[in-house]
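The structure appears right after this line, and notes come after that.
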Amino acid sequence: MNLRIESSKHIKPLYADISSNKVQCIPLSVFDKVSEDINIAAIFAFRPPTPPNSMVEIGLARALVEYREWAGRLGKDPNGNHIILLNDKGARFIEANADSTTLDEAMSFNLFHATQTLHPRKNGVDELLQVQLTRFACGSLVIGYTMSHRVADGIAASQFLITWGLASRGAYITGIRNNIHDRALLFKSTDQPRIEFNHRGVEFSFEGPMICMDYTSKGNIVVHKVHFSNDFLKRIKSRASSGSSQRFTTFESLIAHLWRVITMARRLDGDEITNIRISINGRSRVDMHVPENYFGNVILWAYPHARVRDLLSRPLKYAAELIHNEVKKVNNRYFRSFIDFANSKAVEEQLIPVPEPRGRDMLKNVDVDSWLRFPLNELDFGGGRPFYFMPSFLPVEGWILLLPSFLGDGSVEAHVPLFERNLGRFKRACYSLDSDLYYYGYTNGWNQEEGKLKELARL
């Protein structure tokens, strides 16, 4: 795909009255500090008719008035505290053309690698928000972006995107977001800190977070997109809940299934311990009156874990129960304990916030991020809703992303990066509901012929 950059500039907030902006910086909250210090990237694809670039650009300038953080920069105050500088330096805005290629032609190739050219580069940039508009010969438009995870989690970022779309269509957006700017004050410690749980080695460490390993050195990683129909989701939810006093959710049932299938595909040793990292939104869990439209990060994580042999030789409900019970533990008490620890013991001991335990190996573990409740189908810049959405390629095996299908029928798309050597086994087991148990080869040994793998890969 031949792509030509036409322009690149900074878009600043389009103020009606600049004198009204008194806040100069926003301290990062304890949740911002513990989130990944990375840029998240994704693309939205729109069929013609599409709005002109100028319309999207003006909408962005208007939206930045409400969300000044995206036009700022990360920095530190005189005391060394991490802050967002509201200096209005602007968000990067790039216009590009692929006018010798149709979008369908571009999507017929390896789309996961093609996305790298459809959004700005993620690394080595100061901008907290970057946007790229790419026009195709067929009239389609792809809007790609990168956003700093330190500024906002997925829920908050999706709220901004919806606001940007409204502003592009000329809607009135003044006051659309909450007015909480002092994030650190909102999540302050109580007068008598109550630390009930262990946070050392979980969200805090004596050493900083590890640099994200490039797993491509271990083999070729392929992002496999799986569509789970509404009917399949109902059946897997029923299977997970069968024989259990607990009725599991669709989310719990699906990720239990994916955790098992990925573990099977990897052919890990039966005595290995595997875990699955699940993001937990604290907005509805913590009793601190955090508004649902709070802009920032309010995420912690649950880590269900199991021995490989147990995970694969027991019914699906075993994995679903592990997930349900561990997620349930990350409740108001846990969030409160984290806040109190972050504002007291972590400061006293000079611990460093980390988004996951150091040394956690993604060659045997799984991460899952769910965007199922993000209102992605509501995004409209003036030409209608997107027909396609996709996150950028992330070369980490087992980092699952769940998305609502744009079919709008309740089905789900899962993006599953896997080593190419594991992909065949994953595909054969992915839709299987043949049995309650895995026969995993512990009796007959691990050196199974490829022809026998289908027998081993049954749910």
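Following the order of the structure tokens, chains are lettered A, B, ..., residues in each are numbered from 1, and ligands are numbered from 1.
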
Taking only residues of range 70-156 of chain A that have an atom at most 9 Å from an atom of range 22-42 of chain A, what is each one's shortest atom pair and its distance in Å to one decimal, using only C-alpha atoms, in chain and number order, as a tab-separated table?
residue	atom	partner	partner_atom	distance
A:Gly72	CA	A:Cys25	CA	8.8
A:Lys76	CA	A:Pro27	CA	8.7
A:Asp77	CA	A:Pro27	CA	8.5
A:Asn81	CA	A:Pro27	CA	7.2
A:His82	CA	A:Leu28	CA	5.8
A:Ile83	CA	A:Pro27	CA	4.2
A:Ile84	CA	A:Ile26	CA	5.0
A:Leu85	CA	A:Cys25	CA	4.5
A:Leu86	CA	A:Cys25	CA	5.1
A:Asn87	CA	A:Gln24	CA	6.9
A:Thr115	CA	A:Ala42	CA	7.9
A:Leu118	CA	A:Ala42	CA	8.7
A:His119	CA	A:Ala41	CA	7.0
A:Pro120	CA	A:Ala41	CA	8.3
A:Arg121	CA	A:Ala41	CA	8.7
A:Lys122	CA	A:Asn39	CA	5.6
A:Asn123	CA	A:Asn39	CA	7.3
A:Leu128	CA	A:Asn39	CA	8.0
A:Leu129	CA	A:Asn39	CA	8.7
A:Ile143	CA	A:Ala42	CA	8.5
A:Gly144	CA	A:Ala42	CA	5.7
A:Tyr145	CA	A:Ala41	CA	5.5
A:Thr146	CA	A:Ala41	CA	4.3
A:Met147	CA	A:Asn39	CA	5.1
A:Ser148	CA	A:Asn39	CA	4.4
A:His149	CA	A:Ile38	CA	5.8
A:Arg150	CA	A:Asp32	CA	5.1
A:Val151	CA	A:Asp32	CA	6.8
A:Ala152	CA	A:Asp32	CA	7.5
A:Asp153	CA	A:Ser35	CA	8.3

Contacts of Val226 in chain A within 7 Å, only C-alpha atoms, excl. fewer than 3 positions in-chain, as a PyMOL selection string: chain A and resi 413-415

Can you check which parts of range 162-279 of chain A lie within 10 Å of range 336-357 of chain A? Per residue, the shortest pair of atoms and distance in Å to one decimal, counting only C-alpha atoms, sorted by chain and number, as a Markdown table.
| residue | atom | partner | partner_atom | distance |
| --- | --- | --- | --- | --- |
| A:Ala184 | CA | A:Asn343 | CA | 9.7 |
| A:Phe187 | CA | A:Ile339 | CA | 6.5 |
| A:Lys188 | CA | A:Ile339 | CA | 6.9 |
| A:Ser189 | CA | A:Asp340 | CA | 4.7 |
| A:Thr190 | CA | A:Asp340 | CA | 6.7 |
| A:Asp191 | CA | A:Asp340 | CA | 9.4 |
| A:Gln192 | CA | A:Asp340 | CA | 8.7 |
| A:Pro193 | CA | A:Asp340 | CA | 5.2 |
| A:Arg194 | CA | A:Ser337 | CA | 6.0 |
| A:Ile195 | CA | A:Ser337 | CA | 4.6 |
| A:Glu196 | CA | A:Ser337 | CA | 5.7 |
| A:Phe197 | CA | A:Ser337 | CA | 6.4 |
| A:Asn198 | CA | A:Phe338 | CA | 8.7 |
| A:His199 | CA | A:Phe338 | CA | 6.9 |
| A:Arg200 | CA | A:Leu351 | CA | 8.2 |
| A:Gly201 | CA | A:Pro357 | CA | 5.6 |
| A:Val202 | CA | A:Pro357 | CA | 4.9 |
| A:Glu203 | CA | A:Val354 | CA | 5.2 |
| A:Phe204 | CA | A:Pro353 | CA | 4.5 |
| A:Ser205 | CA | A:Ile352 | CA | 5.2 |
| A:Phe206 | CA | A:Leu351 | CA | 5.0 |
| A:Glu207 | CA | A:Ile352 | CA | 6.3 |
| A:Gly208 | CA | A:Ile352 | CA | 5.7 |
| A:Pro209 | CA | A:Val354 | CA | 5.1 |
| A:Met210 | CA | A:Val354 | CA | 8.5 |
| A:Arg277 | CA | A:Glu356 | CA | 8.6 |

Looking only at strand (DSSP E or B) from DSSP on the backbone, list the matching residues of range 9-142 of chain A as a PyMOL selection string. chain A and resi 9-11+25-27+39-46+73-76+82-85+91-98+129-136+141-142

Requested write-out: N, CA and C atoms of the selected residues, as a short mmCIF file (atom, residue, chain, number, x, y, z; two decimals), in the first residue's frame:
data_model
loop_
_atom_site.label_atom_id
_atom_site.label_comp_id
_atom_site.auth_asym_id
_atom_site.auth_seq_id
_atom_site.Cartn_x
_atom_site.Cartn_y
_atom_site.Cartn_z
N LYS A 9 0.55 18.68 11.53
CA LYS A 9 0.54 19.91 12.32
C LYS A 9 -0.07 19.65 13.69
N HIS A 10 0.00 20.66 14.55
CA HIS A 10 -0.60 20.57 15.87
C HIS A 10 -1.94 21.29 15.88
N ILE A 11 -2.94 20.65 16.49
CA ILE A 11 -4.26 21.26 16.67
C ILE A 11 -4.39 21.65 18.14
N CYS A 25 -2.17 22.67 35.45
CA CYS A 25 -1.67 21.30 35.44
C CYS A 25 -2.63 20.40 36.22
N ILE A 26 -2.55 19.12 35.97
CA ILE A 26 -3.35 18.13 36.66
C ILE A 26 -2.41 17.05 37.20
N PRO A 27 -2.38 16.85 38.52
CA PRO A 27 -1.54 15.77 39.07
C PRO A 27 -2.09 14.41 38.64
N ASN A 39 1.48 4.23 24.59
CA ASN A 39 0.46 4.82 23.73
C ASN A 39 -0.38 3.71 23.12
N ILE A 40 -1.69 3.83 23.27
CA ILE A 40 -2.62 2.87 22.67
C ILE A 40 -3.01 3.39 21.29
N ALA A 41 -3.04 2.50 20.31
CA ALA A 41 -3.35 2.91 18.94
C ALA A 41 -4.46 2.05 18.37
N ALA A 42 -5.28 2.66 17.52
CA ALA A 42 -6.37 1.94 16.86
C ALA A 42 -6.80 2.70 15.62
N ILE A 43 -7.62 2.05 14.78
CA ILE A 43 -8.14 2.70 13.58
C ILE A 43 -9.65 2.48 13.49
N PHE A 44 -10.35 3.47 12.94
CA PHE A 44 -11.75 3.37 12.56
C PHE A 44 -11.84 3.56 11.05
N ALA A 45 -12.65 2.74 10.39
CA ALA A 45 -12.82 2.84 8.94
C ALA A 45 -14.26 3.25 8.61
N PHE A 46 -14.40 4.23 7.71
CA PHE A 46 -15.70 4.78 7.32
C PHE A 46 -15.87 4.68 5.81
N ARG A 73 1.04 17.99 27.82
CA ARG A 73 2.21 17.11 27.84
C ARG A 73 2.41 16.56 29.25
N LEU A 74 3.02 15.40 29.35
CA LEU A 74 3.38 14.86 30.65
C LEU A 74 4.61 15.58 31.18
N GLY A 75 4.67 15.75 32.49
CA GLY A 75 5.81 16.42 33.10
C GLY A 75 5.84 16.18 34.60
N LYS A 76 6.63 17.01 35.30
CA LYS A 76 6.72 16.93 36.76
C LYS A 76 6.62 18.32 37.35
N HIS A 82 4.40 13.58 39.27
CA HIS A 82 4.02 13.46 37.86
C HIS A 82 2.71 14.19 37.61
N ILE A 83 2.69 14.99 36.54
CA ILE A 83 1.53 15.82 36.24
C ILE A 83 1.28 15.83 34.73
N ILE A 84 0.07 16.29 34.38
CA ILE A 84 -0.23 16.63 32.99
C ILE A 84 -0.19 18.14 32.88
N LEU A 85 0.73 18.64 32.09
CA LEU A 85 0.85 20.08 31.88
C LEU A 85 -0.21 20.53 30.88
N ALA A 91 -2.48 18.63 19.91
CA ALA A 91 -2.47 17.24 19.47
C ALA A 91 -1.97 17.18 18.03
N ARG A 92 -1.23 16.15 17.70
CA ARG A 92 -0.71 15.98 16.34
C ARG A 92 -1.85 15.59 15.40
N PHE A 93 -1.93 16.25 14.24
CA PHE A 93 -2.97 15.99 13.25
C PHE A 93 -2.31 15.76 11.90
N ILE A 94 -2.43 14.55 11.37
CA ILE A 94 -1.76 14.16 10.14
C ILE A 94 -2.81 13.84 9.08
N GLU A 95 -2.58 14.36 7.86
CA GLU A 95 -3.43 14.04 6.72
C GLU A 95 -2.62 13.23 5.72
N ALA A 96 -3.21 12.10 5.28
CA ALA A 96 -2.49 11.20 4.37
C ALA A 96 -3.42 10.73 3.26
N ASN A 97 -2.82 10.26 2.17
CA ASN A 97 -3.57 9.75 1.02
C ASN A 97 -3.01 8.41 0.58
N ALA A 98 -3.93 7.49 0.31
CA ALA A 98 -3.57 6.24 -0.35
C ALA A 98 -4.44 6.15 -1.59
N LEU A 129 -1.94 12.89 22.36
CA LEU A 129 -2.92 12.45 21.37
C LEU A 129 -2.38 12.75 19.98
N GLN A 130 -2.43 11.76 19.10
CA GLN A 130 -2.08 11.95 17.70
C GLN A 130 -3.20 11.35 16.84
N VAL A 131 -3.47 12.00 15.73
CA VAL A 131 -4.55 11.57 14.84
C VAL A 131 -4.03 11.53 13.42
N GLN A 132 -4.46 10.53 12.65
CA GLN A 132 -4.11 10.47 11.23
C GLN A 132 -5.37 10.16 10.42
N LEU A 133 -5.65 11.00 9.44
CA LEU A 133 -6.76 10.80 8.51
C LEU A 133 -6.19 10.32 7.18
N THR A 134 -6.58 9.13 6.75
CA THR A 134 -6.08 8.56 5.51
C THR A 134 -7.24 8.36 4.53
N ARG A 135 -7.11 8.97 3.35
CA ARG A 135 -8.12 8.86 2.30
C ARG A 135 -7.72 7.80 1.28
N PHE A 136 -8.73 7.03 0.81
CA PHE A 136 -8.49 5.97 -0.17
C PHE A 136 -9.18 6.30 -1.49
N LEU A 141 -12.55 6.55 4.34
CA LEU A 141 -11.69 7.30 5.26
C LEU A 141 -11.34 6.41 6.44
N VAL A 142 -10.06 6.37 6.78
CA VAL A 142 -9.61 5.69 7.99
C VAL A 142 -9.06 6.75 8.95
#

Residue with smallest distance to Asn297 in chain A - pool A:Ser284, A:Tyr388, A:Arg183, A:Ser432, counting only C-alpha atoms: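 Among the listed residues, the smallest separation from Asn297 in chain A belongs to A:Arg183.
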
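When only C-alpha atoms are used to compute distances to Ala320 in chain A, the closest of the residues A:Ile276, A:Leu407, A:Ala240, A:Ile262 turns out to be A:Ala240.
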
Would you tabulate, counting only C-alpha atoms, all residues of range 36-126 of chain A that have an atom at most 12 Å from an atom of range 160-175 of chain A, showing the closest pair of atoms and their distance in Å to one decimal, sorted by chain then ascending number, as a Markdown table?
| residue | atom | partner | partner_atom | distance |
| --- | --- | --- | --- | --- |
| A:Ala42 | CA | A:Leu161 | CA | 11.8 |
| A:Ile43 | CA | A:Leu161 | CA | 11.9 |
| A:Phe44 | CA | A:Leu161 | CA | 10.9 |
| A:Thr50 | CA | A:Arg169 | CA | 11.7 |
| A:Pro51 | CA | A:Ser168 | CA | 8.8 |
| A:Pro52 | CA | A:Ser168 | CA | 10.1 |
| A:Asn53 | CA | A:Ser168 | CA | 10.0 |
| A:Ser54 | CA | A:Ser168 | CA | 9.2 |
| A:Met55 | CA | A:Ser168 | CA | 5.7 |
| A:Val56 | CA | A:Ser168 | CA | 5.3 |
| A:Glu57 | CA | A:Ser168 | CA | 7.7 |
| A:Ile58 | CA | A:Ser168 | CA | 6.5 |
| A:Gly59 | CA | A:Ser168 | CA | 3.7 |
| A:Leu60 | CA | A:Trp164 | CA | 5.6 |
| A:Ala61 | CA | A:Trp164 | CA | 8.7 |
| A:Arg62 | CA | A:Ala167 | CA | 6.3 |
| A:Ala63 | CA | A:Trp164 | CA | 5.2 |
| A:Leu64 | CA | A:Trp164 | CA | 8.3 |
| A:Val65 | CA | A:Thr174 | CA | 8.4 |
| A:Glu66 | CA | A:Thr174 | CA | 6.9 |
| A:Tyr67 | CA | A:Phe160 | CA | 7.3 |
| A:Arg68 | CA | A:Phe160 | CA | 10.8 |
| A:Glu69 | CA | A:Phe160 | CA | 10.8 |
| A:Trp70 | CA | A:Phe160 | CA | 9.6 |

Nearest to Phe251 in chain A, restricted to only C-alpha atoms and choosing among A:Leu300, A:Tyr294, A:Thr263, A:Ser411, comes out as A:Ser411

Excluding Ile273 in chain A and residues on its chain fewer than 5 positions from it, collect all residues at most 10 Å away from it, counting only C-alpha atoms, and give them as number ranges by chain. A: 268, 305-311, 364-365

Have a look at A:Ser158, A:Ser279, A:Ser245, A:Ser405 and name the one nearest to Phe387 in chain A; count only C-alpha atoms. A:Ser405

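Across A:Asp126, A:Glu397, A:Asp409, A:Asp287, the tightest approach to Tyr334 in chain A is made by A:Asp287 when counting only C-alpha atoms.
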
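Nearest to Ser313 in chain A of all the residues A:Met264, A:Thr274, A:Arg239, A:Leu186 is A:Met264, counting only C-alpha atoms.
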
Pull the helix (DSSP H, G or I) assignments for range 185-348 of chain A out of DSSP run on the backbone, and list those residues as number ranges by chain. A: 185-186, 215-218, 230-241, 250-266, 308-313, 316-329, 332-343, 345-348

Å distance separating CA of Leu316 in chain A from CA of Trp259 in chain A, one decimal place: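 Between CA of Leu316 in chain A and CA of Trp259 in chain A the gap works out to 10.2 Å.
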